[in-house]
Amino acid sequence: PSKEWLTPQMQEEMKKIEILAPAGSFDSVIAAVRSGADAVYLGEKAFSARSSAKNFDDEELKKATAYCHIHGVKVYVTINTIVFDDELEKLKEAIISAAEADVDALIVQNMGVARLAHRLVPDLALHASTQMSIHTASGVKALYEMGFKRVVLAREMSKKEIEKCCEIPVELEVFVHGALCMCVSGQCYLSAMIGARSGNRGSCAQPCRLPFSVNNQKGGHALSLKDNSIVNYLDELQNMGVASAKIEGRMKRPEYVSAAVRACVEQRDFGFISDKTQKMLRGVFSRTGFTDAYYIGKTGSHMFGTRTKSDVVSADEKLFSAIRSSYKDEIGNVEITFDFTAKLGENPVLVASDGVHTVKKIADTVTEKAINRPIDAEKCRKQLEKTGSTAYNPTNVNINIDDDISIPLSVINSLRRDVLDELDSARSVVHNYKINRDYEITFPKFTPPVEKSTRARVPQTKLSNAFKKCELVFVPLFADKRELVRLKNEGFSIGVEIPRGMFGREDTIAKKLSEMKEIGISDVLCNNLGALYIAKNLGFTLHSGFGMNFVNTLDLLWAEEYGIKDAELSFELDFKRINALGGNIPRGIISYGYLPLMICRSCPVKGAGIDCKTCKNHSKMKDRLGKQFLLKCDGNCTEVLNCDLLFVPDKQNLTLLTSFNILRFSVENYVETVESLNESSLYPMLKDKLTYGLYRRGVN
């Protein structure tokens, strides 16, 4: 629609990038709002990716949302964890609670959660969490076409990659300040595997901050990055069309929230951050400084950092006290108009308006003739302007009173309080969502096939004849085309796997997929929405990988609706939950292999100062207990593989209600010589310590 009716000032306001603040508690909500945030995001008690934050129960959520809405600030609630089938009724309650609190959007990781939210509250906006691992324009486009209002991009993206996403007409949210995970969000299983505390469940124990050394180097923190800070690039982000500048830190204290918000507001509104605010921001929390390496596209060892003693000392009580004093008082950021009328023999009337809502209150008492000192317009105005403990700033006070009248000041004060209370109530409810409370979560029971098939994922094209018995063998997409033709001609059933890290190369991937189609390959293994979107539009048969984090039946129902043929389940599911899954889509588990615990755009090997020629893709990383994790690089991203080998015996596999199992070969050098893929053949080759992974113990 035409925007000609908008004033230049209004048009400028519309262009302003939103400052989005974290809030792990109500104190942080207050700090964010009073420091100038345009929106806050906070966690619901049960399903938040920051479960260590205080988070909000039903009543606290209503209180926080009302406070924010009164001040004209939006509220986004995170339900951004993977959710199991036995938690779906509780999830339903959480979504309804958010809608009843009148929040402005839900931030979700899980496609099943998004599916359920849309059925329960069709008009509630959905934001795709960074936990969805969206790092390509194709992923953004997929979510846009599904009806998502906003996409939170991966932290690892460069300016050029973000710009490409801005071509799609959906709101984009970019992290501009706060902690950097070594792993792409939503793809980290390190904490879960080490101690059953799942990052995808909001319980990450942050093992990446512990010492890890590469190739037996002494010392080092190969998985600990400095905090991200691209606040100085807010003008660029705003001009390219990014809707929201997000600050990380729901587990940090209110003073941190205030300092980060003020830095963003100063940069956006004035074009620079004052020295005082810069010092405050670094002092309140830092890991030997900040980095902008991902945004400018220059990664390396300079990105790595830890929390040092000097960092801790700088964040002292004197600093915190100074920050707290800056937001201790309520702010009157809502401009209103008062119209006060008092006529002799009539009840005084006060009307308040914020430009959208108009509230009128009539006093219980009648205006009388003054006996001694009559009240004048100035006295009325001063009483009405006493709004210091509220969100309101009366910029226009119109007084219409008779001469020689008497009105007790308590009457004027009472009128002021009453109209502002009612204005609070009017402003606190923005949406009035229609909620389908009677919606029942039901799904068909899964019937597994009589006989399971075996699939393999391999890192190379030199295969023994044993792999001909596999229903499918997924080889790397960028394998030599002539080798793939040879394998097909020799009777292997070949599919290709799109790299999990697609950063900056989705056009190359699409071109390579077209080449695969030309030689008759039709099956594609996809680990993220961007990969699924590209492959689907090119007409391939879609197979979803573990990176999609499918853990509940609603996920599988979504997958079936999207056109996915079958699903590789998340290895964060235990055997019991796997067998409880419903739906019709075929599903399988990884039953063998070194599980990928991280996918990193910033290479731990390069972080340790080792170049690619020295590494030769054979590097290992050792933790403080001496366990060694294999590092595998595809030239774009590095995978951290588990130190122990996953192996699910045939006897256990037969008890699972699944359709197939996947043998995931990653680093083994005997792929081309293995004589058969059965247990008796593989077992003698298993020299390393074996594990059931999380299939028996599950995750918290």
# chains A, B, ... in the order shown; residues from 1 in each chain; ligands from 1

call {"tool": "residues_around", "arguments": {"residues": "range 130-139 of chain A", "least_positions_apart": "3", "cutoff": "6 Å", "atoms": "only C-alpha atoms", "output": "MDAnalysis selection string"}}
result
chainID A and resid 109 142 152:154 165 185:186 529:530

call {"tool": "residues_around", "arguments": {"residues": "Ala315 in chain A", "least_positions_apart": "2", "cutoff": "9 Å", "atoms": "only C-alpha atoms", "output": "ChimeraX atom specification"}}
result
/A:280,282-285,310-313,317-320

call {"tool": "residues_around", "arguments": {"residues": "Ser97 in chain A", "least_positions_apart": "3", "cutoff": "10 Å", "atoms": "only C-alpha atoms", "output": "PyMOL selection string"}}
result
chain A and resi 44+57-59+61-62+91-94+100-103

call {"tool": "residues_around", "arguments": {"residues": "Phe26 in chain A", "least_positions_apart": "5", "cutoff": "10 Å", "atoms": "only C-alpha atoms", "output": "VMD selection string"}}
result
chain A and resid 31 to 32 42 54 to 56 60 to 61 63 to 64 67 254

call {"tool": "write_last_selection", "arguments": {"atoms": "N, CA, C and O atoms", "output": "compact mmCIF listing (two decimals), in the first residue's frame"}}
result
# COMPACT_ATOMS: atom_id res chain seq x y z
N ALA A 31 14.89 -3.39 33.41
CA ALA A 31 16.14 -2.80 32.95
C ALA A 31 16.10 -2.56 31.44
O ALA A 31 16.57 -1.51 30.95
N ALA A 32 15.57 -3.51 30.69
CA ALA A 32 15.51 -3.39 29.23
C ALA A 32 14.60 -2.25 28.81
O ALA A 32 14.97 -1.40 27.98
N LEU A 42 11.81 -13.47 26.24
CA LEU A 42 11.92 -14.14 27.54
C LEU A 42 11.42 -15.57 27.44
O LEU A 42 10.74 -15.94 26.48
N LYS A 54 15.83 -17.56 35.22
CA LYS A 54 14.67 -17.70 36.10
C LYS A 54 13.42 -18.03 35.30
O LYS A 54 12.59 -18.84 35.70
N ASN A 55 13.28 -17.38 34.15
CA ASN A 55 12.14 -17.60 33.27
C ASN A 55 10.83 -17.23 33.96
O ASN A 55 10.82 -16.76 35.09
N PHE A 56 9.69 -17.45 33.29
CA PHE A 56 8.43 -16.86 33.73
C PHE A 56 7.31 -17.89 33.77
O PHE A 56 7.09 -18.61 32.80
N GLU A 60 3.64 -14.45 36.04
CA GLU A 60 4.79 -13.57 35.78
C GLU A 60 4.83 -13.14 34.32
O GLU A 60 5.19 -12.01 34.00
N LEU A 61 4.43 -14.04 33.44
CA LEU A 61 4.41 -13.72 32.01
C LEU A 61 3.37 -12.65 31.72
O LEU A 61 3.62 -11.70 30.95
N LYS A 63 2.27 -10.42 33.82
CA LYS A 63 2.77 -9.19 34.43
C LYS A 63 3.82 -8.53 33.54
O LYS A 63 3.79 -7.31 33.29
N ALA A 64 4.77 -9.33 33.05
CA ALA A 64 5.84 -8.79 32.21
C ALA A 64 5.29 -8.26 30.89
O ALA A 64 5.70 -7.19 30.42
N TYR A 67 3.40 -4.96 31.46
CA TYR A 67 4.35 -3.86 31.70
C TYR A 67 4.97 -3.38 30.39
O TYR A 67 5.06 -2.17 30.12
N PRO A 254 20.57 -8.05 35.15
CA PRO A 254 19.90 -6.89 34.57
C PRO A 254 20.85 -5.77 34.15
O PRO A 254 20.60 -5.07 33.15

call {"tool": "select_by_dssp", "arguments": {"residues": "range 556-694 of chain A", "states": "helix (DSSP H, G or I)", "output": "tab-separated table (two decimals) with N, CA, C and O atoms, in the first residue's frame"}}
result
chain	number	residue	atom	x	y	z
A	556	LEU	N	7.14	-35.41	12.85
A	556	LEU	CA	7.02	-36.39	11.77
A	556	LEU	C	5.79	-36.13	10.91
A	556	LEU	O	5.82	-36.32	9.69
A	557	LEU	N	4.71	-35.66	11.53
A	557	LEU	CA	3.52	-35.30	10.75
A	557	LEU	C	3.82	-34.11	9.85
A	557	LEU	O	3.39	-34.06	8.69
A	558	TRP	N	4.59	-33.13	10.39
A	558	TRP	CA	5.00	-31.99	9.55
A	558	TRP	C	5.85	-32.48	8.38
A	558	TRP	O	5.66	-32.04	7.24
A	559	ALA	N	6.80	-33.37	8.67
A	559	ALA	CA	7.70	-33.88	7.63
A	559	ALA	C	6.91	-34.54	6.52
A	559	ALA	O	7.19	-34.34	5.32
A	560	GLU	N	5.91	-35.32	6.90
A	560	GLU	CA	5.07	-35.99	5.90
A	560	GLU	C	4.32	-34.97	5.06
A	560	GLU	O	4.24	-35.09	3.83
A	561	GLU	N	3.79	-33.94	5.71
A	561	GLU	CA	3.06	-32.89	4.99
A	561	GLU	C	3.97	-32.13	4.04
A	561	GLU	O	3.55	-31.69	2.96
A	562	TYR	N	5.23	-31.95	4.43
A	562	TYR	CA	6.17	-31.19	3.60
A	562	TYR	C	6.64	-31.99	2.38
A	562	TYR	O	7.16	-31.41	1.43
A	575	PHE	N	15.39	-45.15	23.52
A	575	PHE	CA	14.67	-46.26	22.88
A	575	PHE	C	13.18	-46.21	23.19
A	575	PHE	O	12.34	-46.45	22.31
A	576	LYS	N	12.82	-45.91	24.43
A	576	LYS	CA	11.42	-45.89	24.82
A	576	LYS	C	10.65	-44.84	24.04
A	576	LYS	O	9.54	-45.09	23.56
A	577	ARG	N	11.22	-43.64	23.91
A	577	ARG	CA	10.53	-42.57	23.19
A	577	ARG	C	10.48	-42.84	21.69
A	577	ARG	O	9.53	-42.45	21.02
A	578	ILE	N	11.49	-43.51	21.16
A	578	ILE	CA	11.46	-43.89	19.74
A	578	ILE	C	10.27	-44.80	19.48
A	578	ILE	O	9.52	-44.62	18.51
A	579	ASN	N	10.07	-45.77	20.34
A	579	ASN	CA	8.98	-46.73	20.15
A	579	ASN	C	7.60	-46.12	20.38
A	579	ASN	O	6.59	-46.68	19.94
A	580	ALA	N	7.54	-44.98	21.06
A	580	ALA	CA	6.25	-44.34	21.33
A	580	ALA	C	5.81	-43.39	20.22
A	580	ALA	O	4.67	-42.92	20.22
A	604	PRO	N	38.46	-25.29	14.98
A	604	PRO	CA	39.30	-25.41	16.18
A	604	PRO	C	40.78	-25.56	15.85
A	604	PRO	O	41.64	-25.12	16.62
A	605	VAL	N	41.05	-26.19	14.71
A	605	VAL	CA	42.45	-26.40	14.31
A	605	VAL	C	43.11	-25.07	13.97
A	605	VAL	O	44.21	-24.75	14.44
A	606	LYS	N	42.42	-24.26	13.17
A	606	LYS	CA	42.95	-22.94	12.84
A	606	LYS	C	43.01	-22.05	14.07
A	606	LYS	O	43.90	-21.21	14.21
A	607	GLY	N	42.04	-22.25	14.97
A	607	GLY	CA	42.05	-21.49	16.22
A	607	GLY	C	43.28	-21.76	17.05
A	607	GLY	O	43.73	-20.91	17.80
A	612	CYS	N	45.96	-25.59	7.30
A	612	CYS	CA	45.33	-26.75	6.65
A	612	CYS	C	46.37	-27.75	6.12
A	612	CYS	O	46.15	-28.96	6.16
A	613	LYS	N	47.51	-27.25	5.65
A	613	LYS	CA	48.54	-28.15	5.12
A	613	LYS	C	49.09	-29.05	6.20
A	613	LYS	O	49.40	-30.22	5.97
A	614	THR	N	49.20	-28.50	7.39
A	614	THR	CA	49.69	-29.30	8.52
A	614	THR	C	48.62	-30.26	9.02
A	614	THR	O	48.89	-31.41	9.36
A	615	CYS	N	47.40	-29.80	9.01
A	615	CYS	CA	46.29	-30.59	9.53
A	615	CYS	C	45.99	-31.80	8.65
A	615	CYS	O	45.87	-32.93	9.12
A	650	ASP	N	22.39	-55.83	16.81
A	650	ASP	CA	21.21	-56.28	16.08
A	650	ASP	C	20.07	-56.65	17.03
A	650	ASP	O	18.90	-56.37	16.75
A	651	LYS	N	20.40	-57.29	18.15
A	651	LYS	CA	19.38	-57.74	19.09
A	651	LYS	C	18.56	-56.56	19.60
A	651	LYS	O	17.33	-56.64	19.73
A	652	GLN	N	19.24	-55.44	19.90
A	652	GLN	CA	18.55	-54.24	20.36
A	652	GLN	C	17.77	-53.59	19.22
A	652	GLN	O	16.64	-53.14	19.39
A	653	ASN	N	18.37	-53.57	18.05
A	653	ASN	CA	17.74	-52.94	16.89
A	653	ASN	C	16.40	-53.58	16.56
A	653	ASN	O	15.46	-52.91	16.13
A	679	GLU	N	26.50	-57.55	12.01
A	679	GLU	CA	27.20	-57.35	13.29
A	679	GLU	C	28.47	-58.18	13.39
A	679	GLU	O	29.51	-57.69	13.85
A	680	SER	N	28.43	-59.40	12.93
A	680	SER	CA	29.60	-60.28	13.07
A	680	SER	C	30.78	-59.78	12.25
A	680	SER	O	31.93	-59.99	12.61
A	681	SER	N	30.48	-59.07	11.16
A	681	SER	CA	31.55	-58.54	10.33
A	681	SER	C	32.12	-57.24	10.91
A	681	SER	O	33.32	-57.02	10.92
A	682	LEU	N	31.22	-56.38	11.41
A	682	LEU	CA	31.66	-55.09	11.91
A	682	LEU	C	32.34	-55.19	13.27
A	682	LEU	O	33.30	-54.48	13.54
A	683	TYR	N	31.86	-56.09	14.11
A	683	TYR	CA	32.31	-56.10	15.50
A	683	TYR	C	33.82	-56.27	15.67
A	683	TYR	O	34.43	-55.56	16.47
A	684	PRO	N	34.46	-57.17	14.92
A	684	PRO	CA	35.92	-57.32	15.10
A	684	PRO	C	36.70	-56.05	14.77
A	684	PRO	O	37.84	-55.89	15.19
A	685	MET	N	36.08	-55.18	13.97
A	685	MET	CA	36.78	-53.97	13.56
A	685	MET	C	36.61	-52.83	14.58
A	685	MET	O	37.22	-51.78	14.44

call {"tool": "atom_distance", "arguments": {"atom1": "CA of Gly495 in chain A", "atom2": "CA of Tyr695 in chain A"}}
result
26.6 Å

call {"tool": "residues_around", "arguments": {"residues": "Val265 in chain A", "least_positions_apart": "4", "cutoff": "7 Å", "atoms": "only C-alpha atoms", "output": "list of chain:residue names"}}
result
A:Gly36, A:Val261, A:Asp269

call {"tool": "select_by_dssp", "arguments": {"residues": "range 330-560 of chain A", "states": "strand (DSSP E or B)", "output": "NGL selection string"}}
result
:A and (334-342 or 349-353 or 358-362 or 368-369 or 392-401 or 405-406 or 445 or 453-457 or 472-476 or 494-497 or 523-526 or 541-544)

call {"tool": "residues_around", "arguments": {"residues": "Leu690 in chain A", "least_positions_apart": "3", "cutoff": "6 Å", "atoms": "only C-alpha atoms", "output": "list in words"}}
result
Asp644, Leu645 and Leu646 of chain A

call {"tool": "write_last_selection", "arguments": {"atoms": "N, CA and C atoms", "output": "PDB file, in the first residue's frame"}}
result
ATOM      1  N   ASP A 644      33.919 -41.753  21.463  1.00  0.00           N
ATOM      2  CA  ASP A 644      33.560 -43.166  21.495  1.00  0.00           C
ATOM      3  C   ASP A 644      32.668 -43.520  20.311  1.00  0.00           C
ATOM      4  N   LEU A 645      32.710 -44.758  19.902  1.00  0.00           N
ATOM      5  CA  LEU A 645      31.980 -45.232  18.731  1.00  0.00           C
ATOM      6  C   LEU A 645      30.604 -45.743  19.127  1.00  0.00           C
ATOM      7  N   LEU A 646      29.567 -45.188  18.521  1.00  0.00           N
ATOM      8  CA  LEU A 646      28.207 -45.664  18.743  1.00  0.00           C
ATOM      9  C   LEU A 646      28.004 -47.016  18.069  1.00  0.00           C
TER      10      LEU A 646
END

call {"tool": "residues_around", "arguments": {"residues": "range 288-290 of chain A", "least_positions_apart": "4", "cutoff": "12 Å", "atoms": "only C-alpha atoms", "output": "PDB file with C-alpha atoms, in the first residue's frame"}}
result
ATOM      1  CA  VAL A 176      24.498  -8.050  17.495  1.00  0.00           C
ATOM      2  CA  HIS A 177      25.965  -8.607  20.952  1.00  0.00           C
ATOM      3  CA  GLY A 178      26.602 -11.468  23.347  1.00  0.00           C
ATOM      4  CA  ALA A 179      28.061 -14.924  23.708  1.00  0.00           C
ATOM      5  CA  LEU A 180      29.090 -17.014  20.701  1.00  0.00           C
ATOM      6  CA  SER A 224      35.848 -21.041  23.477  1.00  0.00           C
ATOM      7  CA  LEU A 225      35.143 -17.947  21.396  1.00  0.00           C
ATOM      8  CA  LYS A 226      35.105 -14.314  22.415  1.00  0.00           C
ATOM      9  CA  ASP A 227      31.709 -12.670  22.651  1.00  0.00           C
ATOM     10  CA  ASN A 228      30.187 -11.391  19.440  1.00  0.00           C
ATOM     11  CA  SER A 229      29.703  -7.637  19.071  1.00  0.00           C
ATOM     12  CA  ILE A 230      28.629  -5.993  15.829  1.00  0.00           C
ATOM     13  CA  VAL A 231      26.750  -3.109  17.445  1.00  0.00           C
ATOM     14  CA  ASN A 232      28.939  -0.693  15.473  1.00  0.00           C
ATOM     15  CA  GLN A 278      31.606   1.427  25.733  1.00  0.00           C
ATOM     16  CA  LYS A 279      33.553   1.090  28.973  1.00  0.00           C
ATOM     17  CA  LEU A 281      29.589  -2.617  28.202  1.00  0.00           C
ATOM     18  CA  ARG A 282      33.035  -4.164  28.243  1.00  0.00           C
ATOM     19  CA  GLY A 283      33.248  -4.022  32.019  1.00  0.00           C
ATOM     20  CA  VAL A 284      29.925  -5.711  32.704  1.00  0.00           C
ATOM     21  CA  TYR A 294      31.882 -13.759  11.356  1.00  0.00           C
ATOM     22  CA  HIS A 302      41.936 -13.982  17.023  1.00  0.00           C
ATOM     23  CA  MET A 303      38.303 -14.994  17.635  1.00  0.00           C
ATOM     24  CA  PHE A 304      39.100 -17.239  20.561  1.00  0.00           C
ATOM     25  CA  GLY A 305      38.971 -16.059  24.156  1.00  0.00           C
ATOM     26  CA  THR A 306      38.142 -17.013  27.727  1.00  0.00           C
ATOM     27  CA  ARG A 307      36.836 -15.288  30.813  1.00  0.00           C
ATOM     28  CA  THR A 308      39.994 -14.036  32.557  1.00  0.00           C
ATOM     29  CA  LYS A 309      40.560 -12.716  36.064  1.00  0.00           C
ATOM     30  CA  SER A 310      40.761  -9.132  34.770  1.00  0.00           C
ATOM     31  CA  ASP A 311      37.392  -9.598  33.037  1.00  0.00           C
ATOM     32  CA  VAL A 312      35.836 -10.730  36.304  1.00  0.00           C
ATOM     33  CA  SER A 314      36.210  -5.236  36.065  1.00  0.00           C
TER      34      SER A 314
END

call {"tool": "closest_residue", "arguments": {"among": "A:Lys632, A:Lys622, A:Arg664, A:His543", "to": "Cys208 in chain A", "atoms": "only C-alpha atoms"}}
result
A:Lys622

call {"tool": "closest_residue", "arguments": {"among": "A:Cys166, A:Arg417, A:Glu18, A:Phe629", "to": "Cys264 in chain A", "atoms": "only C-alpha atoms"}}
result
A:Glu18

call {"tool": "atom_distance", "arguments": {"atom1": "CA of Ser464 in chain A", "atom2": "CA of Ile521 in chain A"}}
result
19.8 Å

call {"tool": "decode", "arguments": {"residues": "range 577-598 of chain A", "atoms": "N, CA, C and O atoms", "output": "PDB file, in the first residue's frame"}}
result
ATOM      1  N   ARG A 577      11.220 -43.642  23.914  1.00  0.00           N
ATOM      2  CA  ARG A 577      10.535 -42.570  23.192  1.00  0.00           C
ATOM      3  C   ARG A 577      10.480 -42.839  21.691  1.00  0.00           C
ATOM      4  O   ARG A 577       9.532 -42.452  21.017  1.00  0.00           O
ATOM      5  N   ILE A 578      11.486 -43.511  21.160  1.00  0.00           N
ATOM      6  CA  ILE A 578      11.458 -43.891  19.741  1.00  0.00           C
ATOM      7  C   ILE A 578      10.269 -44.804  19.481  1.00  0.00           C
ATOM      8  O   ILE A 578       9.517 -44.617  18.507  1.00  0.00           O
ATOM      9  N   ASN A 579      10.065 -45.770  20.338  1.00  0.00           N
ATOM     10  CA  ASN A 579       8.977 -46.726  20.150  1.00  0.00           C
ATOM     11  C   ASN A 579       7.600 -46.119  20.380  1.00  0.00           C
ATOM     12  O   ASN A 579       6.591 -46.684  19.940  1.00  0.00           O
ATOM     13  N   ALA A 580       7.536 -44.982  21.058  1.00  0.00           N
ATOM     14  CA  ALA A 580       6.249 -44.339  21.334  1.00  0.00           C
ATOM     15  C   ALA A 580       5.809 -43.393  20.217  1.00  0.00           C
ATOM     16  O   ALA A 580       4.670 -42.919  20.218  1.00  0.00           O
ATOM     17  N   LEU A 581       6.694 -43.115  19.256  1.00  0.00           N
ATOM     18  CA  LEU A 581       6.366 -42.172  18.189  1.00  0.00           C
ATOM     19  C   LEU A 581       5.253 -42.704  17.296  1.00  0.00           C
ATOM     20  O   LEU A 581       5.233 -43.878  16.923  1.00  0.00           O
ATOM     21  N   GLY A 582       4.330 -41.802  16.938  1.00  0.00           N
ATOM     22  CA  GLY A 582       3.254 -42.160  16.025  1.00  0.00           C
ATOM     23  C   GLY A 582       3.507 -41.620  14.631  1.00  0.00           C
ATOM     24  O   GLY A 582       4.626 -41.272  14.270  1.00  0.00           O
ATOM     25  N   GLY A 583       2.437 -41.535  13.833  1.00  0.00           N
ATOM     26  CA  GLY A 583       2.568 -41.063  12.458  1.00  0.00           C
ATOM     27  C   GLY A 583       2.807 -42.200  11.494  1.00  0.00           C
ATOM     28  O   GLY A 583       2.952 -43.361  11.891  1.00  0.00           O
ATOM     29  N   ASN A 584       2.854 -41.866  10.213  1.00  0.00           N
ATOM     30  CA  ASN A 584       2.990 -42.892   9.172  1.00  0.00           C
ATOM     31  C   ASN A 584       4.338 -42.899   8.474  1.00  0.00           C
ATOM     32  O   ASN A 584       4.709 -43.889   7.844  1.00  0.00           O
ATOM     33  N   ILE A 585       5.064 -41.802   8.556  1.00  0.00           N
ATOM     34  CA  ILE A 585       6.296 -41.680   7.782  1.00  0.00           C
ATOM     35  C   ILE A 585       7.343 -42.689   8.264  1.00  0.00           C
ATOM     36  O   ILE A 585       7.520 -42.892   9.468  1.00  0.00           O
ATOM     37  N   PRO A 586       8.056 -43.374   7.370  1.00  0.00           N
ATOM     38  CA  PRO A 586       9.140 -44.275   7.778  1.00  0.00           C
ATOM     39  C   PRO A 586      10.210 -43.496   8.534  1.00  0.00           C
ATOM     40  O   PRO A 586      10.498 -42.342   8.227  1.00  0.00           O
ATOM     41  N   ARG A 587      10.809 -44.164   9.534  1.00  0.00           N
ATOM     42  CA  ARG A 587      11.829 -43.500  10.343  1.00  0.00           C
ATOM     43  C   ARG A 587      12.925 -44.482  10.725  1.00  0.00           C
ATOM     44  O   ARG A 587      12.692 -45.700  10.769  1.00  0.00           O
ATOM     45  N   GLY A 588      14.124 -43.947  10.991  1.00  0.00           N
ATOM     46  CA  GLY A 588      15.245 -44.803  11.341  1.00  0.00           C
ATOM     47  C   GLY A 588      16.189 -44.119  12.302  1.00  0.00           C
ATOM     48  O   GLY A 588      16.043 -42.920  12.587  1.00  0.00           O
ATOM     49  N   ILE A 589      17.172 -44.872  12.805  1.00  0.00           N
ATOM     50  CA  ILE A 589      18.161 -44.305  13.722  1.00  0.00           C
ATOM     51  C   ILE A 589      19.571 -44.588  13.201  1.00  0.00           C
ATOM     52  O   ILE A 589      19.785 -45.507  12.409  1.00  0.00           O
ATOM     53  N   ILE A 590      20.508 -43.780  13.663  1.00  0.00           N
ATOM     54  CA  ILE A 590      21.922 -44.083  13.439  1.00  0.00           C
ATOM     55  C   ILE A 590      22.286 -45.193  14.420  1.00  0.00           C
ATOM     56  O   ILE A 590      22.138 -45.033  15.634  1.00  0.00           O
ATOM     57  N   SER A 591      22.736 -46.320  13.908  1.00  0.00           N
ATOM     58  CA  SER A 591      23.052 -47.449  14.782  1.00  0.00           C
ATOM     59  C   SER A 591      24.557 -47.716  14.877  1.00  0.00           C
ATOM     60  O   SER A 591      24.986 -48.563  15.661  1.00  0.00           O
ATOM     61  N   TYR A 592      25.338 -46.985  14.084  1.00  0.00           N
ATOM     62  CA  TYR A 592      26.787 -47.194  14.088  1.00  0.00           C
ATOM     63  C   TYR A 592      27.465 -45.906  13.637  1.00  0.00           C
ATOM     64  O   TYR A 592      27.013 -45.237  12.704  1.00  0.00           O
ATOM     65  N   GLY A 593      28.552 -45.551  14.315  1.00  0.00           N
ATOM     66  CA  GLY A 593      29.351 -44.431  13.845  1.00  0.00           C
ATOM     67  C   GLY A 593      29.820 -43.509  14.951  1.00  0.00           C
ATOM     68  O   GLY A 593      29.358 -43.577  16.095  1.00  0.00           O
ATOM     69  N   TYR A 594      30.762 -42.642  14.605  1.00  0.00           N
ATOM     70  CA  TYR A 594      31.203 -41.582  15.506  1.00  0.00           C
ATOM     71  C   TYR A 594      30.240 -40.411  15.339  1.00  0.00           C
ATOM     72  O   TYR A 594      30.251 -39.725  14.313  1.00  0.00           O
ATOM     73  N   LEU A 595      29.395 -40.192  16.327  1.00  0.00           N
ATOM     74  CA  LEU A 595      28.343 -39.186  16.192  1.00  0.00           C
ATOM     75  C   LEU A 595      28.924 -37.777  16.103  1.00  0.00           C
ATOM     76  O   LEU A 595      29.822 -37.422  16.875  1.00  0.00           O
ATOM     77  N   PRO A 596      28.405 -36.946  15.185  1.00  0.00           N
ATOM     78  CA  PRO A 596      28.861 -35.544  15.080  1.00  0.00           C
ATOM     79  C   PRO A 596      28.271 -34.724  16.223  1.00  0.00           C
ATOM     80  O   PRO A 596      27.067 -34.525  16.289  1.00  0.00           O
ATOM     81  N   LEU A 597      29.116 -34.250  17.113  1.00  0.00           N
ATOM     82  CA  LEU A 597      28.649 -33.518  18.285  1.00  0.00           C
ATOM     83  C   LEU A 597      28.592 -32.019  18.067  1.00  0.00           C
ATOM     84  O   LEU A 597      27.894 -31.312  18.794  1.00  0.00           O
ATOM     85  N   MET A 598      29.319 -31.536  17.096  1.00  0.00           N
ATOM     86  CA  MET A 598      29.325 -30.106  16.767  1.00  0.00           C
ATOM     87  C   MET A 598      29.575 -29.926  15.281  1.00  0.00           C
ATOM     88  O   MET A 598      30.255 -30.753  14.660  1.00  0.00           O
TER      89      MET A 598
END
